[in-house]
>>> print(open('protein06.cif').read())   # mmCIF, C-alpha atoms
data_query
#
loop_
_atom_site.label_atom_id
_atom_site.label_comp_id
_atom_site.auth_asym_id
_atom_site.auth_seq_id
_atom_site.Cartn_x
_atom_site.Cartn_y
_atom_site.Cartn_z
CA MET A 1 -21.23 -2.50 26.34
CA SER A 2 -24.13 -2.55 23.90
CA SER A 3 -22.33 -5.11 21.75
CA LEU A 4 -21.55 -7.23 24.79
CA GLY A 5 -25.16 -7.15 25.90
CA THR A 6 -26.37 -8.05 22.43
CA ALA A 7 -23.95 -10.93 22.12
CA ALA A 8 -24.57 -12.19 25.64
CA ALA A 9 -28.35 -12.19 25.39
CA PRO A 10 -28.63 -15.25 23.09
CA SER A 11 -26.18 -17.13 25.32
CA ALA A 12 -28.37 -16.43 28.36
CA LEU A 13 -31.34 -17.91 26.58
CA ARG A 14 -29.42 -21.11 25.98
CA ARG A 15 -28.36 -21.58 29.62
CA PRO A 16 -29.33 -24.86 31.28
CA TRP A 17 -32.01 -24.84 33.95
CA TYR A 18 -29.57 -25.16 36.85
CA LEU A 19 -27.98 -21.81 35.90
CA SER A 20 -31.27 -19.91 35.86
CA PRO A 21 -31.83 -17.18 38.52
CA TRP A 22 -34.50 -19.34 40.18
CA VAL A 23 -31.73 -21.75 41.15
CA THR A 24 -28.60 -19.61 41.51
CA VAL A 25 -30.19 -16.94 43.74
CA PRO A 26 -31.80 -19.00 46.57
CA THR A 27 -29.33 -21.91 46.60
CA PRO A 28 -26.39 -20.01 48.25
CA ALA A 29 -28.77 -18.61 50.88
CA LEU A 30 -30.09 -22.10 51.65
CA LEU A 31 -26.56 -23.52 51.95
CA ALA A 32 -25.52 -20.69 54.27
CA THR A 33 -28.63 -21.33 56.40
CA VAL A 34 -27.76 -25.01 56.69
CA GLU A 35 -24.20 -24.05 57.67
CA ALA A 36 -25.57 -21.69 60.38
CA PHE A 37 -27.56 -24.49 61.99
CA LEU A 38 -24.69 -26.98 61.75
CA ALA A 39 -21.78 -24.78 62.86
CA ASN A 40 -23.30 -22.65 65.65
CA ASP A 41 -24.72 -23.18 69.11
CA LEU A 42 -28.47 -23.28 68.57
CA GLY A 43 -28.96 -21.75 72.01
CA SER A 44 -26.82 -18.70 71.22
CA THR A 45 -29.01 -15.85 70.06
CA VAL A 46 -26.05 -13.75 68.85
CA GLN A 47 -24.54 -16.54 66.73
CA MET A 48 -27.82 -17.65 65.17
CA THR A 49 -29.03 -14.10 64.51
CA THR A 50 -25.84 -12.92 62.81
CA SER A 51 -25.50 -16.18 60.84
CA LEU A 52 -29.11 -16.18 59.59
CA LEU A 53 -28.84 -12.48 58.75
CA ALA A 54 -25.76 -13.22 56.65
CA ALA A 55 -27.56 -16.08 54.91
CA ALA A 56 -30.62 -13.93 54.16
CA ALA A 57 -28.45 -11.11 52.81
CA LEU A 58 -27.15 -13.43 50.09
CA LEU A 59 -30.51 -13.13 48.34
CA LEU A 60 -29.48 -9.57 47.37
CA ARG A 61 -25.86 -10.33 46.48
CA ARG A 62 -26.27 -9.70 42.73
CA ARG A 63 -27.71 -6.20 43.12
CA TRP A 64 -25.72 -4.91 46.10
CA PRO A 65 -22.76 -7.26 46.56
CA VAL A 66 -20.67 -4.86 48.66
CA TRP A 67 -23.48 -4.18 51.15
CA VAL A 68 -24.20 -7.91 51.34
CA LEU A 69 -20.53 -8.56 52.14
CA LEU A 70 -20.63 -6.01 54.96
CA ALA A 71 -23.78 -7.69 56.30
CA THR A 72 -21.97 -11.05 56.49
CA LEU A 73 -19.00 -9.75 58.49
CA PRO A 74 -20.77 -9.79 61.89
CA GLY A 75 -21.61 -13.45 61.37
CA LEU A 76 -17.97 -14.17 60.47
CA GLN A 77 -16.76 -12.40 63.65
CA LEU A 78 -19.41 -13.48 66.15
CA SER A 79 -20.17 -17.00 64.94
CA TYR A 80 -18.49 -19.88 63.12
CA ILE A 81 -19.70 -19.42 59.56
CA TRP A 82 -17.46 -19.14 56.50
CA LEU A 83 -19.71 -19.83 53.55
CA ALA A 84 -21.76 -16.62 53.50
CA PRO A 85 -18.73 -14.22 53.55
CA MET A 86 -16.92 -16.27 50.91
CA ILE A 87 -19.97 -16.22 48.61
CA ALA A 88 -20.21 -12.46 49.15
CA VAL A 89 -16.55 -11.98 48.11
CA TYR A 90 -17.23 -14.10 45.03
CA SER A 91 -20.21 -11.89 44.14
CA VAL A 92 -18.13 -8.72 44.48
CA ALA A 93 -15.41 -10.20 42.27
CA VAL A 94 -17.90 -11.22 39.59
CA LYS A 95 -19.41 -7.74 39.37
CA TYR A 96 -16.39 -5.49 39.83
CA SER A 97 -13.28 -7.36 38.67
CA VAL A 98 -13.50 -7.62 34.87
CA ALA A 99 -16.67 -6.03 33.50
CA VAL A 100 -15.78 -2.73 31.85
CA LYS A 101 -18.86 -0.85 33.07
CA HIS A 102 -18.36 -1.72 36.77
CA ARG A 103 -14.63 -2.38 36.85
CA ASN A 104 -13.14 -1.48 40.22
CA ARG A 105 -10.40 -3.92 41.14
CA TRP A 106 -9.27 -1.87 44.12
CA LEU A 107 -12.73 -2.29 45.64
CA VAL A 108 -12.57 -6.04 45.03
CA GLY A 109 -9.17 -6.25 46.70
CA TYR A 110 -10.29 -4.22 49.72
CA CYS A 111 -13.38 -6.43 50.16
CA ALA A 112 -11.29 -9.61 50.04
CA LEU A 113 -8.78 -8.11 52.51
CA LEU A 114 -11.59 -7.06 54.84
CA VAL A 115 -12.95 -10.63 54.95
CA SER A 116 -9.45 -11.98 55.59
CA LEU A 117 -8.94 -9.57 58.48
CA ALA A 118 -12.34 -10.42 59.96
CA GLN A 119 -11.44 -14.09 59.79
CA PHE A 120 -7.98 -13.60 61.28
CA LEU A 121 -8.73 -11.20 64.16
CA PRO A 122 -10.57 -12.77 67.16
CA TRP A 123 -13.56 -11.21 68.88
CA PRO A 124 -13.36 -9.29 71.10
CA TRP A 125 -10.23 -7.79 69.57
CA SER A 126 -8.72 -6.87 72.92
CA ASP A 127 -8.64 -10.49 74.13
CA ASN A 128 -6.20 -13.16 73.03
CA LEU A 129 -4.26 -11.07 70.55
CA PRO A 130 -2.34 -13.41 68.22
CA GLY A 131 1.37 -13.86 68.73
CA TRP A 132 4.14 -14.76 66.33
CA ASP A 133 4.08 -18.54 66.29
CA ARG A 134 3.06 -21.48 64.09
CA THR A 135 -0.59 -21.15 65.04
CA THR A 136 -0.62 -17.53 63.94
CA ALA A 137 1.01 -18.44 60.63
CA LEU A 138 -1.65 -21.07 59.98
CA ALA A 139 -4.37 -18.58 60.93
CA VAL A 140 -2.95 -16.08 58.43
CA MET A 141 -2.98 -18.74 55.70
CA TYR A 142 -6.57 -19.72 56.43
CA ALA A 143 -7.64 -16.07 56.56
CA LEU A 144 -5.98 -15.32 53.19
CA LEU A 145 -7.64 -18.38 51.65
CA THR A 146 -11.00 -17.28 53.02
CA GLY A 147 -10.75 -13.95 51.21
CA GLY A 148 -8.51 -14.89 48.27
CA ALA A 149 -10.03 -18.17 47.04
CA PRO A 150 -13.52 -16.75 46.22
CA LEU A 151 -11.84 -13.67 44.78
CA ALA A 152 -9.78 -15.79 42.36
CA LEU A 153 -12.79 -17.95 41.51
CA GLY A 154 -14.97 -14.91 40.77
CA MET A 155 -12.32 -13.35 38.52
CA LEU A 156 -11.85 -16.67 36.73
CA VAL A 157 -15.58 -17.09 36.10
CA THR A 158 -15.97 -13.51 34.87
CA THR A 159 -12.94 -13.82 32.59
CA ARG A 160 -14.36 -17.04 31.17
CA ARG A 161 -17.68 -15.33 30.49
CA GLU A 162 -16.00 -12.47 28.68
CA LEU A 163 -13.89 -14.89 26.67
CA ALA A 164 -17.07 -16.74 25.67
CA VAL A 165 -18.61 -13.45 24.54
CA ARG A 166 -15.46 -12.53 22.61
CA LEU A 167 -15.41 -15.97 21.01
CA ASP A 168 -19.05 -15.58 20.02
CA GLU A 169 -18.30 -12.15 18.52
CA LEU A 170 -15.28 -13.58 16.69
CA THR A 171 -17.38 -16.44 15.32
CA ARG A 172 -20.06 -14.02 14.17
CA GLY A 173 -17.41 -11.76 12.64
CA GLN A 174 -15.88 -14.66 10.75
CA ALA A 175 -19.32 -15.68 9.51
CA ARG A 176 -19.96 -12.12 8.32
CA GLU A 177 -16.54 -12.06 6.67
CA ARG A 178 -17.30 -15.32 4.86
CA ASP A 179 -20.62 -13.89 3.69
CA LEU A 180 -18.94 -10.73 2.46
CA LEU A 181 -16.28 -12.77 0.68
CA ALA A 182 -18.94 -14.92 -0.94
CA GLN A 183 -20.82 -11.80 -2.03
CA SER A 184 -17.61 -10.32 -3.40
CA VAL A 185 -16.86 -13.47 -5.36
CA LEU A 186 -20.43 -13.54 -6.64
CA SER A 187 -20.24 -9.88 -7.64
CA THR A 188 -16.96 -10.49 -9.46
CA GLU A 189 -18.44 -13.47 -11.26
CA ARG A 190 -21.50 -11.49 -12.27
CA ALA A 191 -19.31 -8.67 -13.56
CA ARG A 192 -17.33 -11.20 -15.59
CA LEU A 193 -20.53 -12.64 -17.01
CA ALA A 194 -21.79 -9.14 -17.81
CA ARG A 195 -18.61 -8.41 -19.76
CA GLU A 196 -18.87 -11.71 -21.63
CA MET A 197 -22.53 -11.11 -22.41
CA HIS A 198 -21.85 -7.59 -23.64
CA ASP A 199 -18.98 -8.65 -25.88
CA VAL A 200 -20.77 -11.63 -27.39
CA VAL A 201 -24.20 -10.08 -27.84
CA SER A 202 -22.90 -6.76 -29.13
CA HIS A 203 -20.74 -8.53 -31.70
CA GLN A 204 -23.45 -10.91 -32.84
CA VAL A 205 -26.19 -8.28 -33.00
CA SER A 206 -24.01 -5.97 -35.06
CA LEU A 207 -23.42 -8.81 -37.53
CA ILE A 208 -27.16 -9.49 -37.67
CA SER A 209 -27.77 -5.80 -38.35
CA ILE A 210 -25.29 -5.83 -41.22
CA GLN A 211 -26.91 -8.89 -42.75
CA ALA A 212 -30.34 -7.36 -42.31
CA GLY A 213 -29.17 -4.26 -44.17
CA ALA A 214 -27.79 -6.44 -46.97
CA LEU A 215 -31.09 -8.32 -47.11
CA GLN A 216 -32.94 -5.06 -47.52
CA ILE A 217 -30.72 -4.00 -50.42
CA ARG A 218 -30.83 -7.37 -52.21
CA ALA A 219 -34.50 -8.12 -51.59
CA GLU A 220 -35.16 -8.63 -55.32
CA ASP A 221 -32.56 -11.43 -55.62
CA PRO A 222 -34.16 -14.64 -54.26
CA ASP A 223 -30.88 -16.56 -53.95
CA ALA A 224 -29.10 -13.72 -52.16
CA THR A 225 -32.12 -13.20 -49.95
CA ARG A 226 -32.17 -16.87 -49.04
CA ASP A 227 -28.45 -16.93 -48.21
CA THR A 228 -28.66 -13.76 -46.16
CA ALA A 229 -31.69 -15.02 -44.25
CA ARG A 230 -29.87 -18.27 -43.53
CA THR A 231 -26.90 -16.28 -42.20
CA ILE A 232 -29.18 -14.17 -40.01
CA ARG A 233 -30.82 -17.28 -38.65
CA GLN A 234 -27.47 -18.88 -37.84
CA LEU A 235 -26.25 -15.75 -36.09
CA SER A 236 -29.50 -15.49 -34.12
CA VAL A 237 -29.34 -19.13 -33.03
CA LYS A 238 -25.72 -18.72 -31.98
CA THR A 239 -26.57 -15.58 -30.02
CA LEU A 240 -29.44 -17.30 -28.24
CA GLU A 241 -27.20 -20.25 -27.34
CA GLU A 242 -24.58 -17.92 -25.90
CA LEU A 243 -27.23 -16.06 -23.90
CA ARG A 244 -28.82 -19.26 -22.64
CA GLN A 245 -25.47 -20.56 -21.45
CA MET A 246 -24.56 -17.30 -19.69
CA VAL A 247 -27.95 -17.05 -18.00
CA GLY A 248 -27.51 -20.62 -16.78
CA VAL A 249 -24.14 -19.75 -15.27
CA LEU A 250 -25.61 -16.62 -13.68
CA ARG A 251 -28.43 -18.63 -12.11
CA ALA A 252 -25.96 -21.18 -10.77
CA ALA A 253 -23.91 -18.41 -9.17
CA GLY A 254 -27.01 -16.77 -7.71
CA ALA A 255 -28.07 -20.08 -6.15
CA GLY A 256 -24.77 -20.35 -4.28
CA ARG A 257 -23.42 -23.18 -6.39
CA GLU A 258 -19.99 -23.14 -7.90
CA ALA A 259 -20.12 -21.28 -11.16
CA GLN A 260 -19.48 -23.45 -14.16
CA GLN A 261 -16.99 -22.48 -16.81
CA LEU A 262 -18.20 -20.71 -19.92
CA THR A 263 -17.48 -23.05 -22.80
CA PRO A 264 -16.16 -23.01 -25.37
CA GLN A 265 -13.81 -20.13 -24.64
CA PRO A 266 -12.27 -18.26 -27.59
CA THR A 267 -8.52 -18.33 -28.12
CA LEU A 268 -5.99 -16.75 -30.46
CA ALA A 269 -6.69 -19.52 -32.95
CA ASP A 270 -10.21 -18.11 -33.37
CA LEU A 271 -8.97 -14.66 -34.43
CA PRO A 272 -8.81 -15.40 -38.20
CA ARG A 273 -12.45 -16.56 -38.22
CA LEU A 274 -13.46 -13.53 -36.16
CA VAL A 275 -11.76 -11.08 -38.51
CA THR A 276 -12.99 -12.84 -41.65
CA GLY A 277 -16.59 -12.92 -40.45
CA SER A 278 -16.63 -9.36 -39.20
CA GLY A 279 -18.03 -7.96 -42.45
CA LEU A 280 -15.28 -5.36 -42.56
CA SER A 281 -12.26 -4.76 -44.74
CA ALA A 282 -9.93 -6.07 -42.05
CA THR A 283 -6.39 -7.44 -42.10
CA LEU A 284 -4.99 -9.67 -39.37
CA GLU A 285 -1.30 -9.72 -38.48
CA CYS A 286 -0.80 -12.30 -35.73
CA ALA A 287 2.73 -13.36 -34.88
CA VAL A 288 1.68 -15.34 -31.80
CA THR A 289 0.64 -18.96 -31.94
CA ASP A 290 -2.06 -20.39 -29.77
CA GLY A 291 -0.76 -22.11 -26.63
CA THR A 292 2.21 -19.78 -26.16
CA VAL A 293 0.27 -17.44 -23.87
CA PRO A 294 -1.95 -18.26 -20.87
CA GLU A 295 -5.63 -18.87 -21.57
CA PRO A 296 -6.88 -15.72 -19.73
CA VAL A 297 -4.52 -13.55 -21.79
CA ALA A 298 -5.60 -15.20 -25.04
CA ARG A 299 -9.24 -14.73 -24.10
CA ALA A 300 -8.69 -11.07 -23.22
CA ALA A 301 -6.88 -10.50 -26.54
CA TYR A 302 -9.74 -12.09 -28.44
CA ARG A 303 -12.36 -10.01 -26.63
CA THR A 304 -10.34 -6.84 -27.27
CA VAL A 305 -10.29 -7.49 -31.01
CA GLN A 306 -13.96 -8.48 -30.96
CA GLU A 307 -15.09 -5.31 -29.18
CA ALA A 308 -12.92 -3.12 -31.40
CA LEU A 309 -14.41 -4.66 -34.56
CA THR A 310 -17.91 -4.22 -33.14
CA ASN A 311 -17.24 -0.53 -32.50
CA VAL A 312 -15.90 -0.11 -36.03
CA ARG A 313 -19.07 -1.63 -37.47
CA LYS A 314 -21.16 0.70 -35.33
CA HIS A 315 -19.33 3.97 -35.78
CA ALA A 316 -17.03 3.66 -38.83
CA PRO A 317 -18.56 1.30 -41.40
CA GLY A 318 -16.66 1.09 -44.65
CA SER A 319 -13.30 1.84 -43.02
CA THR A 320 -10.22 -0.35 -43.30
CA VAL A 321 -9.10 -2.15 -40.17
CA THR A 322 -5.73 -3.56 -39.17
CA VAL A 323 -5.42 -6.04 -36.33
CA HIS A 324 -1.92 -6.63 -35.00
CA VAL A 325 -1.13 -9.20 -32.30
CA ALA A 326 2.47 -9.83 -31.26
CA HIS A 327 4.81 -10.07 -28.31
CA ALA A 328 6.14 -6.65 -27.33
CA GLU A 329 9.79 -6.16 -28.22
CA HIS A 330 10.44 -3.59 -25.50
CA ALA A 331 8.40 -5.31 -22.75
CA HIS A 332 9.40 -8.89 -22.09
CA GLY A 333 6.54 -11.18 -21.17
CA ALA A 334 3.76 -8.95 -22.58
CA LEU A 335 1.33 -9.41 -25.45
CA HIS A 336 0.44 -6.38 -27.52
CA VAL A 337 -2.93 -6.21 -29.25
CA THR A 338 -3.56 -3.24 -31.56
CA VAL A 339 -6.68 -2.59 -33.62
CA THR A 340 -6.55 0.45 -35.88
CA ASN A 341 -9.23 1.66 -38.24
CA GLY A 342 -9.40 4.54 -40.66
CA PRO A 343 -12.17 7.09 -41.11
CA ARG A 344 -15.68 6.07 -42.03
CA GLY A 345 -16.24 5.25 -45.68
CA GLU A 346 -17.92 7.77 -47.95
CA GLY A 347 -21.65 7.35 -48.01
CA ALA A 348 -21.59 4.73 -45.24
CA GLU A 349 -24.10 5.23 -42.48
CA PRO A 350 -23.28 4.17 -38.90
CA LEU A 351 -25.39 1.39 -37.41
CA LEU A 352 -28.13 2.80 -35.22
CA LEU A 353 -27.56 0.34 -32.39
CA PRO A 354 -27.94 1.24 -28.70
CA SER A 355 -24.70 1.66 -26.81
CA GLY A 356 -24.23 1.88 -23.07
CA GLY A 357 -20.57 2.83 -23.24
CA HIS A 358 -19.53 -0.26 -21.26
CA GLY A 359 -17.49 -1.98 -23.95
CA LEU A 360 -14.20 -0.17 -23.48
CA ILE A 361 -14.77 -0.03 -19.72
CA GLY A 362 -15.06 -3.81 -19.68
CA LEU A 363 -11.89 -4.16 -21.76
CA ARG A 364 -9.98 -1.95 -19.33
CA GLU A 365 -11.24 -4.05 -16.43
CA ARG A 366 -10.07 -7.21 -18.17
CA ALA A 367 -6.62 -5.74 -18.77
CA GLN A 368 -6.31 -4.44 -15.21
CA GLN A 369 -7.28 -7.80 -13.71
CA LEU A 370 -4.41 -9.36 -15.66
CA GLY A 371 -1.99 -6.62 -14.64
CA GLY A 372 -2.05 -4.90 -18.03
CA VAL A 373 -3.31 -1.66 -19.54
CA LEU A 374 -5.57 -0.60 -22.38
CA PHE A 375 -5.52 2.61 -24.40
CA ALA A 376 -8.26 3.82 -26.74
CA GLU A 377 -7.91 7.12 -28.61
CA PRO A 378 -8.76 8.69 -31.96
CA SER A 379 -6.05 8.83 -34.59
CA PRO A 380 -5.06 11.97 -36.54
CA ASP A 381 -6.59 10.68 -39.77
CA GLY A 382 -10.07 10.48 -38.24
CA GLY A 383 -9.90 6.83 -37.31
CA PHE A 384 -9.50 5.14 -33.97
CA THR A 385 -6.89 2.99 -32.22
CA VAL A 386 -7.39 0.46 -29.46
CA GLN A 387 -4.22 -0.93 -27.93
CA ALA A 388 -3.88 -3.42 -25.06
CA ARG A 389 -0.74 -4.60 -23.32
CA LEU A 390 -1.33 -7.86 -21.46
CA PRO A 391 1.40 -9.52 -19.36
CA THR A 392 1.88 -13.20 -20.05
CA GLU A 393 3.83 -14.04 -16.88
CA ARG A 394 3.16 -14.12 -13.12
CA LEU A 395 -0.59 -14.60 -13.41
CA SER A 396 -2.29 -15.25 -10.09
CA PRO A 397 -4.68 -18.20 -9.69
CA ALA A 398 -7.60 -15.77 -9.47
CA ASP A 399 -6.88 -14.56 -13.01
CA THR A 400 -7.15 -18.00 -14.51
#
>>> encode(input="protein06.cif", output="structure tokens")
Amino acid sequence: MSSLGTAAAPSALRRPWYLSPWVTVPTPALLATVEAFLANDLGSTVQMTTSLLAAAALLLRRRWPVWVLLATLPGLQLSYIWLAPMIAVYSVAVKYSVAVKHRNRWLVGYCALLVSLAQFLPWPWSDNLPGWDRTTALAVMYALLTGGAPLALGMLVTTRRELAVRLDELTRGQARERDLLAQSVLSTERARLAREMHDVVSHQVSLISIQAGALQIRAEDPDATRDTARTIRQLSVKTLEELRQMVGVLRAAGAGREAQQLTPQPTLADLPRLVTGSGLSATLECAVTDGTVPEPVARAAYRTVQEALTNVRKHAPGSTVTVHVAHAEHAHGALHVTVTNGPRGEGAEPLLLPSGGHGLIGLRERAQQLGGVLFAEPSPDGGFTVQARLPTERLSPADT
């Protein structure tokens, strides 16, 4: 009931003026008073007293509807009023027919039956008992309408109110669901951007670190120093451009606008340049041509190789690396990407770069989103192997 009250409260504030309590409470009593003066003998004290008492009782119909109904029965029996008892039945039906807290449909039925009996039986009851004829049949119909019509109307109004509350709750629930979906999409997009940023920045910064180390060694050679500085500058500019673009996409997503596509996106055709510029003794064996696999799979393969090469530069400098990309022979419709490196070279020092341990986690998330798997484990010779199996068929639209 707390949710119903919370949902119904705003609706009550939006009610028009003619549905406010200042109108709905006195109006039925005024109408019943007018009926008492029009339908009864003004000289009859019994008729006027019982009729006006019934009309006055309607002022309390919302708080004590059953007692108000009982107070209108003498007027129905001793005078010629109908309106006050019918309004009382309506009030009982509104309070006790549908609402869960006060539901008592048997009470509603008994009250409606009591009004029908009071309308049908004449007063005094011992005189002019009805017989079985057409007049009696019509009297039964009128009596049933007197008790049944306001009962049906009250149940209809209450049901409509509850349906309006349910509709309001459903609308609010759908709005919350849309908000949650939007937040989920935004969170997914941010996670994707975080993976892209990690892969790109980690790769570029490791290259800058290598070039900086070479600059330190060849500081006495002006030409080599100049070339190395130019390379560092180019890598720094490229890294800043990548970061600027990703931050722009992140801001667009945070502002609720449709996230723009990160461009340009790497493909399998970019693997030779990636391996050549890695600064490692790396060999590429790629038996897959660009365009034969979906773009998300090609991008995931590229990022897998990129992250693996970055890890080799960090932890195993001077080692030999083999990159193998091919369609799996034993798994139709899958692309296998394997990056294997040997042990660290003698005398080579690992790059002292910070690592949050999110690289391989991000690669596994990429593979899982595409329906694939990724394995990363040390090899017996002291090296390391990263292997990804990425399906190239039955990609969902969300993966693209």
>>> atom_distance(input="protein06.cif", atom1="CA of Tyr110 (chain A)", atom2="CA of Val46 (chain A)")
26.6 Å
>>> resolve_selection(input="protein06.cif", expression="the PyMOL selection byres ((chain A and resi 284) around 8)", output="ChimeraX atom specification")
/A:272,275,282-283,285-286,322-324
>>> resolve_selection(input="protein06.cif", expression="the PyMOL selection byres ((chain A and resi 150-155) around 9)", output="short mmCIF file (atom, residue, chain, number, x, y, z; two decimals) with C-alpha atoms, keeping the file's coordinate frame")
data_model
loop_
_atom_site.label_atom_id
_atom_site.label_comp_id
_atom_site.auth_asym_id
_atom_site.auth_seq_id
_atom_site.Cartn_x
_atom_site.Cartn_y
_atom_site.Cartn_z
CA MET A 86 -16.92 -16.27 50.91
CA ILE A 87 -19.97 -16.22 48.61
CA ALA A 88 -20.21 -12.46 49.15
CA VAL A 89 -16.55 -11.98 48.11
CA TYR A 90 -17.23 -14.10 45.03
CA SER A 91 -20.21 -11.89 44.14
CA VAL A 92 -18.13 -8.72 44.48
CA ALA A 93 -15.41 -10.20 42.27
CA VAL A 94 -17.90 -11.22 39.59
CA LYS A 95 -19.41 -7.74 39.37
CA TYR A 96 -16.39 -5.49 39.83
CA SER A 97 -13.28 -7.36 38.67
CA VAL A 98 -13.50 -7.62 34.87
CA VAL A 108 -12.57 -6.04 45.03
CA GLY A 109 -9.17 -6.25 46.70
CA ALA A 112 -11.29 -9.61 50.04
CA LEU A 145 -7.64 -18.38 51.65
CA THR A 146 -11.00 -17.28 53.02
CA GLY A 147 -10.75 -13.95 51.21
CA GLY A 148 -8.51 -14.89 48.27
CA ALA A 149 -10.03 -18.17 47.04
CA LEU A 156 -11.85 -16.67 36.73
CA VAL A 157 -15.58 -17.09 36.10
CA THR A 158 -15.97 -13.51 34.87
CA THR A 159 -12.94 -13.82 32.59
CA ARG A 160 -14.36 -17.04 31.17
#
>>> atom_distance(input="protein06.cif", atom1="CA of Ser278 (chain A)", atom2="CA of Arg226 (chain A)")
19.9 Å
>>> resolve_selection(input="protein06.cif", expression="the PyMOL selection byres ((chain A and resi 297-306) around 9)", output="VMD selection string")
chain A and resid 196 199 to 200 203 265 to 268 270 to 271 274 to 275 278 290 to 291 293 to 296 307 to 311 323 325 335 to 339 360 363 366 to 367 370 386 to 388 390 to 392 400
